[in-house]
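Following: one structure in structure tokens, then a few remarks.
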There are 2 protein chains.
Amino acid sequence: MSVLQRLSFNQVTADPWSLEKAVDNCARSGISYIAVWRHKLDGNATKASALIRSAGLRVSSLCRGGWFSAPTAEERRNRIADNRIAIEQAALLGAPVLVIVTGPANGQTLGDARATVFDGLLEILPDAEKAGIVLGIEPLHPMYAAERSVVVTLKQANDLADRLRSSSAGVVVDAFHVWWDPELMHEIERARGRIAGFHVSDWPVPLPGILMGRAMMGDGVIELRQLRQAVDNTGYDGPIEVEIFNDDVWKNADDRLLQRIQQCFAEHV
Amino acid sequence: MSVLQRLSFNQVTADPWSLEKAVDNCARSGISYIAVWRHKLDGNATKASALIRSAGLRVSSLCRGGWFSAPTAEERRNRIADNRIAIEQAALLGAPVLVIVTGPANGQTLGDARATVFDGLLEILPDAEKAGIVLGIEPLHPMYAAERSVVVTLKQANDLADRLRSSSAGVVVDAFHVWWDPELMHEIERARGRIAGFHVSDWPVPLPGILMGRAMMGDGVIELRQLRQAVDNTGYDGPIEVEIFNDDVWKNADDRLLQRIQQCFAEHV
């Protein structure tokens with residue numbers, strides 16, 4: 001399989017598109033995979049699954065579970081229940097991976113929140129195993145530590161997966177989130193056999209914003225080819241998701257977007 | 001010495017103030033230390049030193065050396081020469097520490113830039129030793145990896161200091177830059193004996209901006225007291241710099257600023 005055939009379109013890259021439009025555009029562009037977000041399912045994963053399958057596409061992952069911490073025990077229980085729904089939705093979609101964004105401390109101390117993440121993963125793990133879904137623990141960039149994810153390095157994700165000891169406990173490597181890490185190559189090698197996803201975009205200079213500042217592959221400083229080869233060297237040969245949060249990409253998401261993504265992907269990933 | 005007596009006012013916190021005004025306000029507020037920036041020296045460290053000493057203040061550090069990477073060998077040599085000037089200026093000011101911000105990759109690969117940082121530190125180390133100045137290697141937050149510092153974790157700074165093997169090779173712990181790091185407590189303990197500075201501010205939620213988004217101590221999520229105690233537990237009992245990059249603080253830098261800083265410092269650090 002050539003690298004371009006591994007391209008998966010993460011639908012948040014064109015958030016203004018409906019799922020129907022994203023699926024249709026992918027199918028017409030020869031893209032085989034799509035990564036689906038829960039807010040695009042309209043609560044009906046079965047219908048979404050039929051739509052995606054009838055277009056000949058496969059789902060690379062469902063985004064997202066996690067977000068475990070909360071100030072009260074009741075709220076934390078609600079988070080667990082929501083993760084169980086996410087696992088069911090992933091199974092209905094035929095998604096092999098549920099991406100786990102661990103969430104912010106949200107009223108807990110940083111240390112307690114990190115313990116809550118482990119406890120939460122341990123609690124939903126049997127559900128994932130039963131459903132045949134891998135929980136893909138995705139470290140986010142440390143600039144999101146306060147608002148989105150207390151798990152901020154691949155080492156942390158690997159440590160969690162080590163402790164969970166299950167083929168349903170994996171990690172997701174997103175170039176934008178991990179490229180800066182001096183331990184990255186060591187931790188990618190350490191993730192051998194448990195890499196459940198690889199996401200690409202780029203880090204532009206200057207960074208235009210914290211949340212919506214990602215760039216198209218090649219428009220930033222990340223050494224994407226080197227990173228992809230390191231991930232491949234672990235034996236990972238699954239889909240590679242293009243996930244770009246960028247206001248301009250959203251505004252200008254027209255029929256040529258997927259072609260541009262394919263070109264940049266072929267050239268830089 | 002009480003903790004409040006260790007407060008050092010990093011003059012960039014009120015960048016609109018001249019050095020004269022900053023020194024005068026510190027002296028009147030009972031603040032004993034000031035951290036000086038090179039762009040405030042007007043090229044005359046001797047005059048600045050006399051001004052600071054005559055007010056009874058001491059300099060905690062000079063900001064900054066480093067910024068080693070450049071696309072050509074000639075430019076890299078210029079950077080070394082500039083670092084030598086910075087060491088001389090620190091000596092003239094009686095600053096025990098020159099803060100080292102290592103700089104971005106600046107046309108080199110990330111790996112090469114990190115090697116350039118080590119080479120640069122090794123080259124200026126004899127000058128620092130001769131002048132009795134500690135090079136305080138300060139890891140910046142990973143969100144500055146592309147634009148300001150290829151050294152982004154305390155582990156990296158400790159690794160550099162290990163390899164430099166000199167009492168003139170130290171590290172600076174800035175709460176804003178390192179609070180997110182799961183290895184932080186371990187690396188602070190590892191820095192025992194080589195901590196050359198401790199900087200405080202806070203991480204507000206949401207973060208209003210990448211460069212100018214720091215908050216007053218207590219207005220964010222960093223567990224500053226715990227962090228200060230961890231630094232103290234290594235035996236560090238030197239000055240604690242308040243360094244806040246924030247547009248609103250700059251705009252509203254009036255006579256009450258230092259009093260507010262002292263209150264927040266006493267309450268949260």
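Starting from 1 in every chain, residues are counted up; chains themselves are A, B, ... following the order of the structure tokens, and ligands are numbered from 1 as listed.
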
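The list of residues with at least one atom within 10 Å of Ala45 of chain A, based on only C-alpha atoms and without residues fewer than 2 positions apart in the same chain, reads A:Arg38, A:Lys40, A:Leu41, A:Asp42, A:Gly43, A:Lys47, A:Ala48, A:Ser49, A:Ala50, A:Leu51, A:Ala86, A:Glu88, A:Gln89, A:Ala90, A:Ala91, A:Leu92, A:Leu93, A:Gly94.
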
How would the residues just chosen look if you wrote them out with N, CA and C atoms as a PDB file, in the first residue's frame?
```
ATOM      1  N   ARG A  38     -17.884  12.599  16.975  1.00  0.00           N
ATOM      2  CA  ARG A  38     -19.178  12.235  17.551  1.00  0.00           C
ATOM      3  C   ARG A  38     -20.236  13.310  17.328  1.00  0.00           C
ATOM      4  N   LYS A  40     -20.824  14.869  14.853  1.00  0.00           N
ATOM      5  CA  LYS A  40     -21.337  14.786  13.481  1.00  0.00           C
ATOM      6  C   LYS A  40     -22.265  13.581  13.290  1.00  0.00           C
ATOM      7  N   LEU A  41     -22.439  12.788  14.334  1.00  0.00           N
ATOM      8  CA  LEU A  41     -23.235  11.559  14.192  1.00  0.00           C
ATOM      9  C   LEU A  41     -24.734  11.812  14.368  1.00  0.00           C
ATOM     10  N   ASP A  42     -25.099  12.967  14.877  1.00  0.00           N
ATOM     11  CA  ASP A  42     -26.504  13.247  15.199  1.00  0.00           C
ATOM     12  C   ASP A  42     -27.111  12.132  16.051  1.00  0.00           C
ATOM     13  N   GLY A  43     -26.269  11.534  16.899  1.00  0.00           N
ATOM     14  CA  GLY A  43     -26.763  10.495  17.800  1.00  0.00           C
ATOM     15  C   GLY A  43     -27.137   9.194  17.113  1.00  0.00           C
ATOM     16  N   LYS A  47     -26.906   4.835  11.284  1.00  0.00           N
ATOM     17  CA  LYS A  47     -27.176   5.529  10.034  1.00  0.00           C
ATOM     18  C   LYS A  47     -25.860   6.044   9.422  1.00  0.00           C
ATOM     19  N   ALA A  48     -25.019   6.619  10.270  1.00  0.00           N
ATOM     20  CA  ALA A  48     -23.733   7.138   9.777  1.00  0.00           C
ATOM     21  C   ALA A  48     -22.893   6.005   9.202  1.00  0.00           C
ATOM     22  N   SER A  49     -22.922   4.884   9.874  1.00  0.00           N
ATOM     23  CA  SER A  49     -22.142   3.733   9.423  1.00  0.00           C
ATOM     24  C   SER A  49     -22.608   3.267   8.046  1.00  0.00           C
ATOM     25  N   ALA A  50     -23.913   3.197   7.860  1.00  0.00           N
ATOM     26  CA  ALA A  50     -24.471   2.763   6.560  1.00  0.00           C
ATOM     27  C   ALA A  50     -24.051   3.734   5.459  1.00  0.00           C
ATOM     28  N   LEU A  51     -24.106   5.026   5.770  1.00  0.00           N
ATOM     29  CA  LEU A  51     -23.707   6.053   4.802  1.00  0.00           C
ATOM     30  C   LEU A  51     -22.248   5.869   4.380  1.00  0.00           C
ATOM     31  N   ALA A  86     -19.514   6.029  23.719  1.00  0.00           N
ATOM     32  CA  ALA A  86     -18.556   6.256  22.627  1.00  0.00           C
ATOM     33  C   ALA A  86     -18.004   4.923  22.104  1.00  0.00           C
ATOM     34  N   GLU A  88     -19.549   2.040  22.160  1.00  0.00           N
ATOM     35  CA  GLU A  88     -20.637   1.437  21.360  1.00  0.00           C
ATOM     36  C   GLU A  88     -20.717   2.072  19.977  1.00  0.00           C
ATOM     37  N   GLN A  89     -20.600   3.402  19.948  1.00  0.00           N
ATOM     38  CA  GLN A  89     -20.678   4.104  18.652  1.00  0.00           C
ATOM     39  C   GLN A  89     -19.516   3.689  17.748  1.00  0.00           C
ATOM     40  N   ALA A  90     -18.329   3.557  18.331  1.00  0.00           N
ATOM     41  CA  ALA A  90     -17.166   3.135  17.540  1.00  0.00           C
ATOM     42  C   ALA A  90     -17.425   1.757  16.938  1.00  0.00           C
ATOM     43  N   ALA A  91     -17.988   0.868  17.743  1.00  0.00           N
ATOM     44  CA  ALA A  91     -18.264  -0.489  17.251  1.00  0.00           C
ATOM     45  C   ALA A  91     -19.278  -0.452  16.110  1.00  0.00           C
ATOM     46  N   LEU A  92     -20.328   0.342  16.276  1.00  0.00           N
ATOM     47  CA  LEU A  92     -21.350   0.447  15.222  1.00  0.00           C
ATOM     48  C   LEU A  92     -20.754   0.992  13.929  1.00  0.00           C
ATOM     49  N   LEU A  93     -19.785   1.904  14.072  1.00  0.00           N
ATOM     50  CA  LEU A  93     -19.162   2.517  12.887  1.00  0.00           C
ATOM     51  C   LEU A  93     -18.117   1.620  12.248  1.00  0.00           C
ATOM     52  N   GLY A  94     -17.752   0.537  12.923  1.00  0.00           N
ATOM     53  CA  GLY A  94     -16.638  -0.268  12.442  1.00  0.00           C
ATOM     54  C   GLY A  94     -15.304   0.434  12.613  1.00  0.00           C
TER      55      GLY A  94
END
```

Query raised in the report: Contacts of Ala146 of chain B at 12 Å or less, counting only C-alpha atoms, minus same-chain residues fewer than 2 places along, as a PyMOL selection string?
Result: (chain A and resi 176+179-181+202-207+220-223) or (chain B and resi 69+102-110+113+140-144+148-152)

Requested in this report: Select, from A:Ser168, A:Thr72, A:Gln11, A:Gln226, the residue with the minimum atom-to-atom distance to chain B, counting only C-alpha atoms.
Outcome: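 Counting only C-alpha atoms, the residue closest to chain B is A:Gln226.
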
Requested in this report: Extract, using only C-alpha atoms, all DNA, RNA and protein residues at most 12 Å from segment 245-252 of chain B, discarding same-chain residues fewer than 2 positions from it, and format them as a PyMOL selection string.
Outcome: chain B and resi 10-17+176+200-204+207-216+242-243+254-258+260-261

Query raised in the report: Between B:Glu129, B:Asp24, B:Glu138, B:Asp159, which one has atoms that come closest to chain A, using only C-alpha atoms?
Result: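 Under the stated criterion, the closest residue is B:Asp159.
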
Query - DSSP-assigned strand (DSSP E) among segment 108-142 of chain B, expressed as number ranges by chain - result: B: 134-137

Requested in this report: Return the single residue from B:Phe9, B:Tyr236, B:Tyr33, B:Phe118 that is closest to Trp67 of chain B, with distances computed using only C-alpha atoms.
Outcome: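 Ranking B:Phe9, B:Tyr236, B:Tyr33, B:Phe118 by distance to Trp67 of chain B, first place goes to B:Phe118.
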